[in-house]
Structures are given as C-alpha cells and as structure tokens.
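**Student:** Just entry_9.txt, nothing more (compact mmCIF, N, CA and C atoms):
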```txt
# COMPACT_ATOMS: atom_id res chain seq x y z
N MET Q 37 0.82 -1.19 0.00
CA MET Q 37 0.00 0.00 0.00
C MET Q 37 0.86 1.26 0.00
N ALA Q 38 1.91 1.28 0.83
CA ALA Q 38 2.77 2.46 0.89
C ALA Q 38 3.49 2.66 -0.44
N GLY Q 39 3.89 1.55 -1.09
CA GLY Q 39 4.57 1.66 -2.38
C GLY Q 39 3.67 2.25 -3.45
N GLU Q 40 2.39 1.92 -3.37
CA GLU Q 40 1.42 2.45 -4.33
C GLU Q 40 1.25 3.97 -4.12
N ARG Q 41 1.20 4.37 -2.86
CA ARG Q 41 1.06 5.79 -2.55
C ARG Q 41 2.30 6.56 -2.99
N GLN Q 42 3.47 5.97 -2.76
CA GLN Q 42 4.72 6.59 -3.21
C GLN Q 42 4.70 6.78 -4.71
N ALA Q 43 4.29 5.77 -5.44
CA ALA Q 43 4.27 5.84 -6.90
C ALA Q 43 3.30 6.91 -7.39
N ARG Q 44 2.11 6.98 -6.78
CA ARG Q 44 1.14 8.01 -7.18
C ARG Q 44 1.67 9.41 -6.90
N LEU Q 45 2.29 9.58 -5.72
CA LEU Q 45 2.84 10.89 -5.37
C LEU Q 45 3.99 11.26 -6.30
N ALA Q 46 4.85 10.31 -6.59
CA ALA Q 46 5.98 10.56 -7.49
C ALA Q 46 5.49 10.96 -8.88
N ASP Q 47 4.48 10.25 -9.36
CA ASP Q 47 3.95 10.57 -10.68
C ASP Q 47 3.32 11.96 -10.70
N ARG Q 48 2.61 12.29 -9.64
CA ARG Q 48 1.98 13.62 -9.56
C ARG Q 48 3.04 14.73 -9.50
N ILE Q 49 4.10 14.52 -8.74
CA ILE Q 49 5.18 15.51 -8.66
C ILE Q 49 5.83 15.67 -10.02
N ARG Q 50 6.05 14.56 -10.72
CA ARG Q 50 6.66 14.62 -12.06
C ARG Q 50 5.81 15.46 -13.00
N VAL Q 51 4.50 15.27 -12.97
CA VAL Q 51 3.60 16.02 -13.85
C VAL Q 51 3.61 17.50 -13.47
N ILE Q 52 3.56 17.80 -12.19
CA ILE Q 52 3.54 19.20 -11.73
C ILE Q 52 4.82 19.91 -12.16
N LEU Q 53 5.97 19.27 -11.94
CA LEU Q 53 7.24 19.89 -12.31
C LEU Q 53 7.37 20.04 -13.82
N ALA Q 54 6.95 19.03 -14.57
CA ALA Q 54 7.04 19.10 -16.03
C ALA Q 54 6.18 20.24 -16.56
N GLU Q 55 4.97 20.37 -16.03
CA GLU Q 55 4.10 21.47 -16.47
C GLU Q 55 4.70 22.82 -16.12
N ARG Q 56 5.28 22.93 -14.93
CA ARG Q 56 5.88 24.21 -14.51
C ARG Q 56 7.08 24.56 -15.37
N LEU Q 57 7.90 23.57 -15.67
CA LEU Q 57 9.07 23.83 -16.51
C LEU Q 57 8.65 24.13 -17.95
N GLU Q 58 7.53 23.56 -18.38
CA GLU Q 58 7.03 23.85 -19.73
C GLU Q 58 6.60 25.31 -19.84
N LYS Q 59 6.00 25.81 -18.77
CA LYS Q 59 5.61 27.23 -18.75
C LYS Q 59 6.84 28.12 -18.74
N GLY Q 60 7.91 27.60 -18.19
CA GLY Q 60 9.17 28.34 -18.17
C GLY Q 60 9.45 28.99 -16.83
N LEU Q 61 10.71 29.08 -16.53
CA LEU Q 61 11.18 29.82 -15.36
C LEU Q 61 11.82 31.10 -15.88
N ARG Q 62 11.97 32.03 -15.00
CA ARG Q 62 12.57 33.30 -15.43
C ARG Q 62 14.08 33.27 -15.33
N ASP Q 63 14.64 32.11 -15.41
CA ASP Q 63 16.09 31.96 -15.34
C ASP Q 63 16.63 31.67 -16.73
N PRO Q 64 17.46 32.56 -17.26
CA PRO Q 64 17.98 32.35 -18.62
C PRO Q 64 18.97 31.17 -18.71
N ARG Q 65 19.45 30.70 -17.57
CA ARG Q 65 20.39 29.57 -17.58
C ARG Q 65 19.70 28.25 -17.90
N LEU Q 66 18.40 28.20 -17.70
CA LEU Q 66 17.66 26.95 -17.87
C LEU Q 66 17.54 26.60 -19.35
N GLY Q 67 18.01 25.41 -19.69
CA GLY Q 67 17.93 24.93 -21.07
C GLY Q 67 16.69 24.09 -21.27
N PHE Q 68 16.76 23.20 -22.25
CA PHE Q 68 15.65 22.31 -22.56
C PHE Q 68 15.72 21.12 -21.61
N VAL Q 69 14.97 21.19 -20.51
CA VAL Q 69 15.01 20.19 -19.44
C VAL Q 69 13.81 19.25 -19.57
N THR Q 70 14.06 17.96 -19.40
CA THR Q 70 13.00 16.96 -19.39
C THR Q 70 13.08 16.20 -18.07
N ILE Q 71 11.97 16.13 -17.36
CA ILE Q 71 11.90 15.35 -16.13
C ILE Q 71 11.67 13.89 -16.54
N THR Q 72 12.63 13.02 -16.21
CA THR Q 72 12.54 11.63 -16.63
C THR Q 72 11.93 10.73 -15.57
N ASP Q 73 12.16 11.03 -14.30
CA ASP Q 73 11.67 10.16 -13.23
C ASP Q 73 11.66 10.92 -11.92
N VAL Q 74 10.77 10.52 -11.03
CA VAL Q 74 10.74 11.04 -9.66
C VAL Q 74 10.60 9.85 -8.74
N ARG Q 75 11.43 9.81 -7.71
CA ARG Q 75 11.35 8.75 -6.71
C ARG Q 75 11.14 9.40 -5.35
N VAL Q 76 10.13 8.93 -4.65
CA VAL Q 76 9.79 9.48 -3.35
C VAL Q 76 10.20 8.48 -2.28
N SER Q 77 10.78 8.98 -1.18
CA SER Q 77 11.20 8.11 -0.08
C SER Q 77 9.98 7.47 0.58
N GLY Q 78 10.22 6.44 1.37
CA GLY Q 78 9.14 5.71 2.01
C GLY Q 78 8.31 6.55 2.96
N ASP Q 79 8.94 7.54 3.61
CA ASP Q 79 8.19 8.40 4.53
C ASP Q 79 7.58 9.61 3.83
N LEU Q 80 7.71 9.67 2.50
CA LEU Q 80 7.14 10.74 1.66
C LEU Q 80 7.71 12.12 1.99
N GLN Q 81 8.90 12.17 2.57
CA GLN Q 81 9.51 13.43 2.97
C GLN Q 81 10.53 13.94 1.95
N HIS Q 82 10.98 13.09 1.05
CA HIS Q 82 12.04 13.48 0.12
C HIS Q 82 11.72 12.95 -1.28
N ALA Q 83 11.92 13.78 -2.27
CA ALA Q 83 11.70 13.37 -3.66
C ALA Q 83 12.98 13.61 -4.47
N SER Q 84 13.46 12.58 -5.11
CA SER Q 84 14.60 12.69 -6.01
C SER Q 84 14.05 12.85 -7.42
N VAL Q 85 14.39 13.96 -8.05
CA VAL Q 85 13.87 14.28 -9.37
C VAL Q 85 15.01 14.09 -10.38
N PHE Q 86 14.83 13.15 -11.29
CA PHE Q 86 15.83 12.88 -12.32
C PHE Q 86 15.44 13.63 -13.58
N TYR Q 87 16.44 14.26 -14.21
CA TYR Q 87 16.17 15.08 -15.38
C TYR Q 87 17.30 14.93 -16.39
N THR Q 88 16.99 15.25 -17.64
CA THR Q 88 18.00 15.33 -18.69
C THR Q 88 17.92 16.71 -19.32
N VAL Q 89 19.03 17.12 -19.89
CA VAL Q 89 19.10 18.41 -20.57
C VAL Q 89 19.62 18.17 -21.98
N LEU Q 90 18.89 18.66 -22.95
CA LEU Q 90 19.31 18.56 -24.33
C LEU Q 90 20.27 19.70 -24.61
N GLY Q 91 21.49 19.37 -24.98
CA GLY Q 91 22.45 20.41 -25.29
C GLY Q 91 23.86 20.01 -24.91
N THR Q 92 24.72 21.01 -24.83
CA THR Q 92 26.13 20.79 -24.54
C THR Q 92 26.36 20.61 -23.04
N ASP Q 93 27.59 20.27 -22.69
CA ASP Q 93 27.93 20.13 -21.27
C ASP Q 93 27.76 21.45 -20.53
N GLU Q 94 28.10 22.52 -21.19
CA GLU Q 94 27.95 23.86 -20.58
C GLU Q 94 26.48 24.15 -20.27
N GLU Q 95 25.60 23.78 -21.19
CA GLU Q 95 24.16 23.99 -20.97
C GLU Q 95 23.64 23.08 -19.85
N ARG Q 96 24.21 21.89 -19.74
CA ARG Q 96 23.81 20.98 -18.66
C ARG Q 96 24.18 21.56 -17.30
N VAL Q 97 25.38 22.11 -17.20
CA VAL Q 97 25.84 22.69 -15.94
C VAL Q 97 25.01 23.91 -15.57
N SER Q 98 24.74 24.78 -16.55
CA SER Q 98 23.96 25.98 -16.25
C SER Q 98 22.51 25.62 -15.91
N SER Q 99 21.96 24.60 -16.55
CA SER Q 99 20.60 24.17 -16.23
C SER Q 99 20.53 23.56 -14.83
N ALA Q 100 21.58 22.84 -14.44
CA ALA Q 100 21.63 22.28 -13.09
C ALA Q 100 21.65 23.40 -12.06
N ALA Q 101 22.42 24.44 -12.33
CA ALA Q 101 22.47 25.59 -11.41
C ALA Q 101 21.11 26.29 -11.35
N ALA Q 102 20.43 26.42 -12.49
CA ALA Q 102 19.12 27.06 -12.52
C ALA Q 102 18.09 26.25 -11.73
N LEU Q 103 18.13 24.93 -11.87
CA LEU Q 103 17.19 24.09 -11.12
C LEU Q 103 17.47 24.14 -9.62
N THR Q 104 18.74 24.17 -9.27
CA THR Q 104 19.10 24.26 -7.85
C THR Q 104 18.61 25.57 -7.25
N SER Q 105 18.77 26.66 -7.98
CA SER Q 105 18.32 27.95 -7.44
C SER Q 105 16.80 28.07 -7.43
N ALA Q 106 16.11 27.32 -8.28
CA ALA Q 106 14.65 27.40 -8.35
C ALA Q 106 13.97 26.32 -7.51
N THR Q 107 14.74 25.55 -6.74
CA THR Q 107 14.17 24.44 -5.97
C THR Q 107 13.08 24.91 -5.02
N GLY Q 108 13.30 26.00 -4.32
CA GLY Q 108 12.31 26.52 -3.38
C GLY Q 108 11.00 26.89 -4.06
N MET Q 109 11.11 27.59 -5.18
CA MET Q 109 9.91 27.99 -5.92
C MET Q 109 9.17 26.77 -6.46
N LEU Q 110 9.93 25.78 -6.96
CA LEU Q 110 9.31 24.57 -7.50
C LEU Q 110 8.66 23.75 -6.38
N ARG Q 111 9.28 23.73 -5.21
CA ARG Q 111 8.69 23.02 -4.08
C ARG Q 111 7.40 23.71 -3.65
N SER Q 112 7.37 25.02 -3.67
CA SER Q 112 6.15 25.76 -3.35
C SER Q 112 5.04 25.42 -4.34
N GLU Q 113 5.40 25.32 -5.61
CA GLU Q 113 4.43 24.96 -6.65
C GLU Q 113 3.88 23.56 -6.40
N VAL Q 114 4.76 22.63 -6.05
CA VAL Q 114 4.33 21.26 -5.75
C VAL Q 114 3.40 21.27 -4.54
N GLY Q 115 3.76 22.05 -3.51
CA GLY Q 115 2.94 22.12 -2.30
C GLY Q 115 1.55 22.69 -2.57
N ARG Q 116 1.45 23.66 -3.46
CA ARG Q 116 0.15 24.25 -3.80
C ARG Q 116 -0.76 23.24 -4.48
N GLN Q 117 -0.18 22.37 -5.31
CA GLN Q 117 -1.01 21.47 -6.10
C GLN Q 117 -1.22 20.09 -5.47
N LEU Q 118 -0.45 19.77 -4.43
CA LEU Q 118 -0.63 18.49 -3.76
C LEU Q 118 -1.53 18.68 -2.55
N SER Q 119 -2.23 17.64 -2.19
CA SER Q 119 -3.08 17.70 -1.01
C SER Q 119 -2.48 16.83 0.09
N THR Q 120 -1.22 17.08 0.42
CA THR Q 120 -0.55 16.34 1.48
C THR Q 120 -0.23 17.28 2.63
N ARG Q 121 -0.08 16.69 3.80
CA ARG Q 121 0.21 17.50 4.98
C ARG Q 121 1.60 18.11 4.88
N LEU Q 122 2.56 17.34 4.44
CA LEU Q 122 3.93 17.82 4.29
C LEU Q 122 4.34 17.74 2.83
N VAL Q 123 5.10 18.73 2.40
CA VAL Q 123 5.59 18.75 1.02
C VAL Q 123 7.00 18.17 1.03
N PRO Q 124 7.27 17.18 0.18
CA PRO Q 124 8.61 16.59 0.17
C PRO Q 124 9.66 17.58 -0.33
N THR Q 125 10.87 17.44 0.20
CA THR Q 125 11.98 18.22 -0.31
C THR Q 125 12.32 17.70 -1.70
N LEU Q 126 12.84 18.56 -2.53
CA LEU Q 126 13.18 18.17 -3.90
C LEU Q 126 14.69 18.18 -4.07
N GLU Q 127 15.18 17.12 -4.68
CA GLU Q 127 16.60 17.03 -5.02
C GLU Q 127 16.68 16.72 -6.51
N PHE Q 128 17.33 17.59 -7.27
CA PHE Q 128 17.45 17.40 -8.71
C PHE Q 128 18.74 16.67 -9.01
N ILE Q 129 18.59 15.56 -9.74
CA ILE Q 129 19.73 14.69 -10.07
C ILE Q 129 19.77 14.51 -11.58
N PRO Q 130 20.91 14.83 -12.21
CA PRO Q 130 21.01 14.61 -13.66
C PRO Q 130 20.91 13.11 -13.97
N ASP Q 131 20.09 12.77 -14.93
CA ASP Q 131 19.88 11.38 -15.32
C ASP Q 131 20.94 10.99 -16.33
N ALA Q 132 21.65 9.91 -16.05
CA ALA Q 132 22.73 9.48 -16.93
C ALA Q 132 22.26 8.50 -17.99
N LEU Q 133 20.97 8.28 -18.09
CA LEU Q 133 20.43 7.31 -19.03
C LEU Q 133 20.82 7.57 -20.49
N PRO Q 134 20.70 8.80 -21.01
CA PRO Q 134 21.07 9.01 -22.42
C PRO Q 134 22.55 8.72 -22.70
N GLU Q 135 23.43 9.12 -21.78
CA GLU Q 135 24.86 8.86 -21.98
C GLU Q 135 25.15 7.37 -21.93
N ASN Q 136 24.49 6.67 -20.99
CA ASN Q 136 24.68 5.22 -20.89
C ASN Q 136 24.16 4.53 -22.14
N ALA Q 137 23.04 4.99 -22.67
CA ALA Q 137 22.48 4.39 -23.88
C ALA Q 137 23.43 4.59 -25.07
N ASP Q 138 24.03 5.76 -25.18
CA ASP Q 138 25.00 6.01 -26.26
C ASP Q 138 26.20 5.09 -26.12
N ASN Q 139 26.67 4.91 -24.89
CA ASN Q 139 27.82 4.05 -24.65
C ASN Q 139 27.49 2.61 -24.99
N ILE Q 140 26.32 2.14 -24.61
CA ILE Q 140 25.91 0.77 -24.91
C ILE Q 140 25.76 0.58 -26.42
N SER Q 141 25.22 1.57 -27.11
CA SER Q 141 25.08 1.48 -28.57
C SER Q 141 26.44 1.38 -29.24
N ALA Q 142 27.40 2.16 -28.76
CA ALA Q 142 28.76 2.11 -29.32
C ALA Q 142 29.39 0.75 -29.08
N LEU Q 143 29.20 0.19 -27.89
CA LEU Q 143 29.76 -1.14 -27.58
C LEU Q 143 29.11 -2.22 -28.44
N LEU Q 144 27.79 -2.14 -28.65
CA LEU Q 144 27.11 -3.12 -29.49
C LEU Q 144 27.56 -3.02 -30.95
N ARG Q 145 27.76 -1.79 -31.42
CA ARG Q 145 28.24 -1.59 -32.78
C ARG Q 145 29.64 -2.19 -32.94
N GLU Q 146 30.50 -1.99 -31.96
CA GLU Q 146 31.86 -2.54 -31.99
C GLU Q 146 31.81 -4.07 -31.97
N ALA Q 147 30.95 -4.65 -31.15
CA ALA Q 147 30.82 -6.11 -31.08
C ALA Q 147 30.33 -6.67 -32.41
N GLN Q 148 29.39 -5.98 -33.05
CA GLN Q 148 28.87 -6.43 -34.34
C GLN Q 148 29.96 -6.40 -35.41
N GLU Q 149 30.80 -5.36 -35.39
CA GLU Q 149 31.90 -5.27 -36.35
C GLU Q 149 32.90 -6.40 -36.12
N ARG Q 150 33.20 -6.68 -34.87
CA ARG Q 150 34.14 -7.77 -34.57
C ARG Q 150 33.56 -9.12 -34.97
N ASP Q 151 32.27 -9.33 -34.75
CA ASP Q 151 31.63 -10.58 -35.17
C ASP Q 151 31.70 -10.76 -36.68
N ALA Q 152 31.49 -9.68 -37.42
CA ALA Q 152 31.58 -9.74 -38.88
C ALA Q 152 33.01 -10.08 -39.31
N GLU Q 153 33.98 -9.52 -38.60
CA GLU Q 153 35.39 -9.79 -38.90
C GLU Q 153 35.72 -11.26 -38.66
N VAL Q 154 35.25 -11.80 -37.54
CA VAL Q 154 35.49 -13.20 -37.21
C VAL Q 154 34.78 -14.12 -38.21
N ALA Q 155 33.57 -13.79 -38.61
CA ALA Q 155 32.83 -14.59 -39.59
C ALA Q 155 33.56 -14.60 -40.93
N LYS Q 156 34.13 -13.46 -41.31
CA LYS Q 156 34.88 -13.37 -42.57
C LYS Q 156 36.12 -14.26 -42.51
N MET Q 157 36.82 -14.23 -41.38
CA MET Q 157 38.01 -15.08 -41.24
C MET Q 157 37.61 -16.55 -41.19
N ALA Q 158 36.48 -16.88 -40.57
CA ALA Q 158 36.05 -18.27 -40.46
C ALA Q 158 35.61 -18.84 -41.80
N SER Q 159 35.09 -18.01 -42.69
CA SER Q 159 34.62 -18.50 -43.98
C SER Q 159 35.76 -18.98 -44.87
N SER Q 160 36.94 -18.41 -44.69
CA SER Q 160 38.08 -18.83 -45.52
C SER Q 160 39.03 -19.74 -44.74
N ALA Q 161 38.68 -20.14 -43.55
CA ALA Q 161 39.55 -20.98 -42.73
C ALA Q 161 39.43 -22.45 -43.12
N THR Q 162 40.51 -23.18 -42.91
CA THR Q 162 40.51 -24.63 -43.14
C THR Q 162 40.88 -25.32 -41.84
N HIS Q 163 40.55 -26.61 -41.74
CA HIS Q 163 40.86 -27.36 -40.53
C HIS Q 163 42.35 -27.61 -40.46
N ALA Q 164 42.87 -27.61 -39.25
CA ALA Q 164 44.29 -27.88 -39.05
C ALA Q 164 44.54 -29.38 -39.15
N GLY Q 165 45.69 -29.77 -39.63
CA GLY Q 165 46.07 -31.19 -39.69
C GLY Q 165 45.62 -31.85 -40.98
N ASP Q 166 45.95 -33.14 -41.09
CA ASP Q 166 45.59 -33.93 -42.27
C ASP Q 166 44.16 -34.42 -42.16
N ALA Q 167 43.62 -34.78 -43.32
CA ALA Q 167 42.27 -35.34 -43.35
C ALA Q 167 42.27 -36.72 -42.71
N ASP Q 168 41.18 -37.14 -42.09
CA ASP Q 168 41.06 -38.44 -41.44
C ASP Q 168 40.94 -39.50 -42.54
N PRO Q 169 41.88 -40.45 -42.58
CA PRO Q 169 41.86 -41.45 -43.66
C PRO Q 169 40.73 -42.45 -43.53
N TYR Q 170 40.06 -42.56 -42.39
CA TYR Q 170 38.99 -43.53 -42.18
C TYR Q 170 37.61 -43.00 -42.53
N ILE Q 171 37.52 -41.75 -42.90
CA ILE Q 171 36.23 -41.18 -43.26
C ILE Q 171 36.22 -40.94 -44.76
N ARG Q 172 35.18 -41.49 -45.42
CA ARG Q 172 35.06 -41.30 -46.85
C ARG Q 172 34.60 -39.87 -47.11
N ALA Q 173 35.07 -39.31 -48.16
CA ALA Q 173 34.77 -37.93 -48.49
C ALA Q 173 33.34 -37.77 -48.99
N ASP Q 174 32.72 -38.83 -49.57
CA ASP Q 174 31.41 -38.67 -50.18
C ASP Q 174 30.26 -38.68 -49.19
N ASP Q 175 30.31 -39.48 -48.11
CA ASP Q 175 29.17 -39.50 -47.20
C ASP Q 175 29.54 -39.28 -45.74
N GLY Q 176 30.79 -39.21 -45.41
CA GLY Q 176 31.24 -38.92 -44.07
C GLY Q 176 31.12 -40.09 -43.11
N GLU Q 177 30.88 -41.34 -43.64
CA GLU Q 177 30.76 -42.49 -42.76
C GLU Q 177 32.14 -43.13 -42.56
N ASP Q 178 32.28 -43.80 -41.43
CA ASP Q 178 33.53 -44.47 -41.06
C ASP Q 178 33.65 -45.75 -41.88
N GLU Q 179 34.80 -46.00 -42.54
CA GLU Q 179 35.03 -47.16 -43.38
C GLU Q 179 35.43 -48.40 -42.57
N THR Q 180 35.77 -48.27 -41.31
CA THR Q 180 36.24 -49.41 -40.54
C THR Q 180 35.12 -50.33 -40.12
N LYS Q 181 33.87 -50.00 -40.25
CA LYS Q 181 32.75 -50.84 -39.82
C LYS Q 181 32.43 -51.89 -40.83
```
Let me see the file written as structure tokens.
**Tutor:**
Amino acid sequence: MAGERQARLADRIRVILAERLEKGLRDPRLGFVTITDVRVSGDLQHASVFYTVLGTDEERVSSAAALTSATGMLRSEVGRQLSTRLVPTLEFIPDALPENADNISALLREAQERDAEVAKMASSATHAGDADPYIRADDGEDETK
C-alpha cells in the first residue's frame, strides 16, 4: 500500500514539475530540461527528481544551477497542487540514461563489427592437420565398420 502511494505521489510531482518547466522559469540559464523520473522516499519526505538536458555540457551545468536555485519555488508549486500534509523536499539529479544508452550502442556496434570480422576469417579458414583417412569424403561415414 505504501509503495502504491509513493508511486502516485511521485507521478503527480513529475507532472507538476514538467508542467511548470514547460511554462518556463525566469532563469535564462535553464535549457531544454526533461523530467525523466521522480522517486519518493518511504516516509514521503524526500523526492529525487531525475532530469535530462538537451544540449552541450555547458548547458547541462547551467541548467543544473538554474534548477538548484529554483528548488524553493518549485517546491512551493508542488505544495500548492498536492493535497498532502507535508511537502517533500526536492533534489534534482542529472539522469545518466542518455549517456549510458549512447555508450551501450557504441559497444554493441563494436561487437557487431568484430563478429563480422570473425565470420569473414572463419569463412576462408581450413581445418588444421591432415584429413582423417577412415572417413570417406562422399558420405562422411567411417570405413572401418
């Protein structure tokens, strides 16, 4: 039951923050931010907000600073729209999912290239050693029987 309540609260916080960021903040440092996930602690006192920023590393850093400075205002917005006794504290955490996905894609691409290389070498490879004199070449059966 508590996990269900946490999930509902986390989803509601995500929607509230996404709508507020869509309207825009008055901070020019804020770039194109997407809220990817919100996780609420078991006692509903703390919310970890995961986000991504589309842009360069410089834009990511400036957007992180803008979110940190706007945390109080965003928490007030969450408090206005939630019907809970206590408003959870907000912690903004950059989501590493896009970078991890790019890294995994690069590793898979490299593995596929190596597999193609090995398949190419295997197609022209021959068995080591002499042919087995007891196996006929036409049907592969043993002649000693």
**Student:** Compare Q:Glu40, Q:Glu113, Q:Glu95, Q:Asp151 by their minimum atom-to-atom distance to Leu57 (chain Q), counting only C-alpha atoms, and give me the closest one.
**Tutor:** Q:Glu113
**Student:** Using all atoms listed in the file, determine which residues lie at most 8 Å from Leu45 (chain Q), disregarding the query and same-chain residues fewer than 6 positions distant; provide the list as a list in words.
**Tutor:**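 Listing them by chain and then by number gives Gly39, Val51, Val74, Arg75 and Val76 of chain Q.
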**Student:** Pick out the closest residue to Leu66 (chain Q) from this set: Q:Arg116, Q:Lys156, Q:Arg111, Q:Arg96. Count only C-alpha atoms.
**Tutor:**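 Closest residue, counting only C-alpha atoms: Q:Arg96.
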**Student:** Leaving out region 128-133 of chain Q and any residue of its chain fewer than 2 positions from it, which residues lie within 5 Å of it when counting only N, CA and C atoms, given as a ChimeraX atom specification?
**Tutor:** /Q:85-88,126,135-137
**Student:** Could you list, as a PDB file with N, CA and C atoms, in the frame of the given file, every residue within 12 Å of Arg56 (chain Q), counting only C-alpha atoms and ignoring same-chain residues fewer than 5 positions away?
**Tutor:**
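Written out: result_16.pdb:
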```
ATOM      1  N   ILE Q  49       4.100  14.520  -8.740  1.00  0.00           N
ATOM      2  CA  ILE Q  49       5.180  15.510  -8.660  1.00  0.00           C
ATOM      3  C   ILE Q  49       5.830  15.670 -10.020  1.00  0.00           C
ATOM      4  N   ARG Q  50       6.050  14.560 -10.720  1.00  0.00           N
ATOM      5  CA  ARG Q  50       6.660  14.620 -12.060  1.00  0.00           C
ATOM      6  C   ARG Q  50       5.810  15.460 -13.000  1.00  0.00           C
ATOM      7  N   VAL Q  51       4.500  15.270 -12.970  1.00  0.00           N
ATOM      8  CA  VAL Q  51       3.600  16.020 -13.850  1.00  0.00           C
ATOM      9  C   VAL Q  51       3.610  17.500 -13.470  1.00  0.00           C
ATOM     10  N   LEU Q  61      10.710  29.080 -16.530  1.00  0.00           N
ATOM     11  CA  LEU Q  61      11.180  29.820 -15.360  1.00  0.00           C
ATOM     12  C   LEU Q  61      11.820  31.100 -15.880  1.00  0.00           C
ATOM     13  N   ARG Q  62      11.970  32.030 -15.000  1.00  0.00           N
ATOM     14  CA  ARG Q  62      12.570  33.300 -15.430  1.00  0.00           C
ATOM     15  C   ARG Q  62      14.080  33.270 -15.330  1.00  0.00           C
ATOM     16  N   VAL Q  69      14.970  21.190 -20.510  1.00  0.00           N
ATOM     17  CA  VAL Q  69      15.010  20.190 -19.440  1.00  0.00           C
ATOM     18  C   VAL Q  69      13.810  19.250 -19.570  1.00  0.00           C
ATOM     19  N   THR Q  70      14.060  17.960 -19.400  1.00  0.00           N
ATOM     20  CA  THR Q  70      13.000  16.960 -19.390  1.00  0.00           C
ATOM     21  C   THR Q  70      13.080  16.200 -18.070  1.00  0.00           C
ATOM     22  N   ILE Q  71      11.970  16.130 -17.360  1.00  0.00           N
ATOM     23  CA  ILE Q  71      11.900  15.350 -16.130  1.00  0.00           C
ATOM     24  C   ILE Q  71      11.670  13.890 -16.540  1.00  0.00           C
ATOM     25  N   LEU Q 103      18.130  24.930 -11.870  1.00  0.00           N
ATOM     26  CA  LEU Q 103      17.190  24.090 -11.120  1.00  0.00           C
ATOM     27  C   LEU Q 103      17.470  24.140  -9.620  1.00  0.00           C
ATOM     28  N   ALA Q 106      16.110  27.320  -8.280  1.00  0.00           N
ATOM     29  CA  ALA Q 106      14.650  27.400  -8.350  1.00  0.00           C
ATOM     30  C   ALA Q 106      13.970  26.320  -7.510  1.00  0.00           C
ATOM     31  N   THR Q 107      14.740  25.550  -6.740  1.00  0.00           N
ATOM     32  CA  THR Q 107      14.170  24.440  -5.970  1.00  0.00           C
ATOM     33  C   THR Q 107      13.080  24.910  -5.020  1.00  0.00           C
ATOM     34  N   MET Q 109      11.110  27.590  -5.180  1.00  0.00           N
ATOM     35  CA  MET Q 109       9.910  27.990  -5.920  1.00  0.00           C
ATOM     36  C   MET Q 109       9.170  26.770  -6.460  1.00  0.00           C
ATOM     37  N   LEU Q 110       9.930  25.780  -6.960  1.00  0.00           N
ATOM     38  CA  LEU Q 110       9.310  24.570  -7.500  1.00  0.00           C
ATOM     39  C   LEU Q 110       8.660  23.750  -6.380  1.00  0.00           C
ATOM     40  N   ARG Q 111       9.280  23.730  -5.210  1.00  0.00           N
ATOM     41  CA  ARG Q 111       8.690  23.020  -4.080  1.00  0.00           C
ATOM     42  C   ARG Q 111       7.400  23.710  -3.650  1.00  0.00           C
ATOM     43  N   SER Q 112       7.370  25.020  -3.670  1.00  0.00           N
ATOM     44  CA  SER Q 112       6.150  25.760  -3.350  1.00  0.00           C
ATOM     45  C   SER Q 112       5.040  25.420  -4.340  1.00  0.00           C
ATOM     46  N   GLU Q 113       5.400  25.320  -5.610  1.00  0.00           N
ATOM     47  CA  GLU Q 113       4.430  24.960  -6.650  1.00  0.00           C
ATOM     48  C   GLU Q 113       3.880  23.560  -6.400  1.00  0.00           C
ATOM     49  N   VAL Q 114       4.760  22.630  -6.050  1.00  0.00           N
ATOM     50  CA  VAL Q 114       4.330  21.260  -5.750  1.00  0.00           C
ATOM     51  C   VAL Q 114       3.400  21.270  -4.540  1.00  0.00           C
ATOM     52  N   GLN Q 117      -0.180  22.370  -5.310  1.00  0.00           N
ATOM     53  CA  GLN Q 117      -1.010  21.470  -6.100  1.00  0.00           C
ATOM     54  C   GLN Q 117      -1.220  20.090  -5.470  1.00  0.00           C
TER      55      GLN Q 117
END
```
**Student:** As AutoDock Vina command-line options, please report the centre and edge lengths, rounded to one decimal in Å, of the axis-aligned box that holds all listed atoms of region 77-90 of chain Q with 6 Å of padding on each of the six sides.
**Tutor:**
```
--center_x 13.7 --center_y 12.7 --center_z -10.0 --size_x 25.1 --size_y 26.0 --size_z 41.1
```
**Student:** Hey, can you check how far CA of Val123 (chain Q) sits from CA of Thr72 (chain Q)?
**Tutor:**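 Distance between the two atoms: 20.3 Å.
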**Student:** Q:Thr125, Q:Gly115, Q:Ala102, Q:Arg44: which is nearest Leu80 (chain Q), counting all atoms listed in the file?
**Tutor:**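 That would be Q:Thr125, the residue with the smallest distance to Leu80 (chain Q).
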**Student:** From a DSSP pass on the backbone, collect the residues of region 47-145 of chain Q flagged as strand (DSSP E) and hand them back as a PyMOL selection string.
**Tutor:** chain Q and resi 68-76+82-90+125-130
**Student:** When DSSP is applied to the backbone of this structure, which of region 40-135 of chain Q are assigned helix (DSSP H, G or I)? Write them out as a VMD selection string.
**Tutor:** chain Q and resid 40 to 59 93 to 105 107 to 117 133 to 135
**Student:** Measure the distance from atom N of Ala158 (chain Q) to CA of Arg145 (chain Q) in Å and round it to one decimal.
**Tutor:**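 Computing it gives 19.0 Å between the two atoms.
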**Student:** Just to confirm, what's the straight-line distance from atom C of Pro124 (chain Q) to CA of Ala43 (chain Q) in Å (one decimal)?
**Tutor:**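 The value is 14.5 Å.
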**Student:** Excluding same-chain residues fewer than 4 positions from Phe68 (chain Q), what lies within 7 Å of it counting only N, CA and C atoms, as an MDAnalysis selection string?
**Tutor:** chainID Q and resid 88:91
**Student:** Measuring between only C-alpha atoms, which one of Q:Leu53, Q:Ala161, Q:Ala101, Q:Ala147 shows the shortest distance to Gly67 (chain Q)?
**Tutor:**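 Answer, going by the shortest atom-to-atom distance: Q:Ala101.
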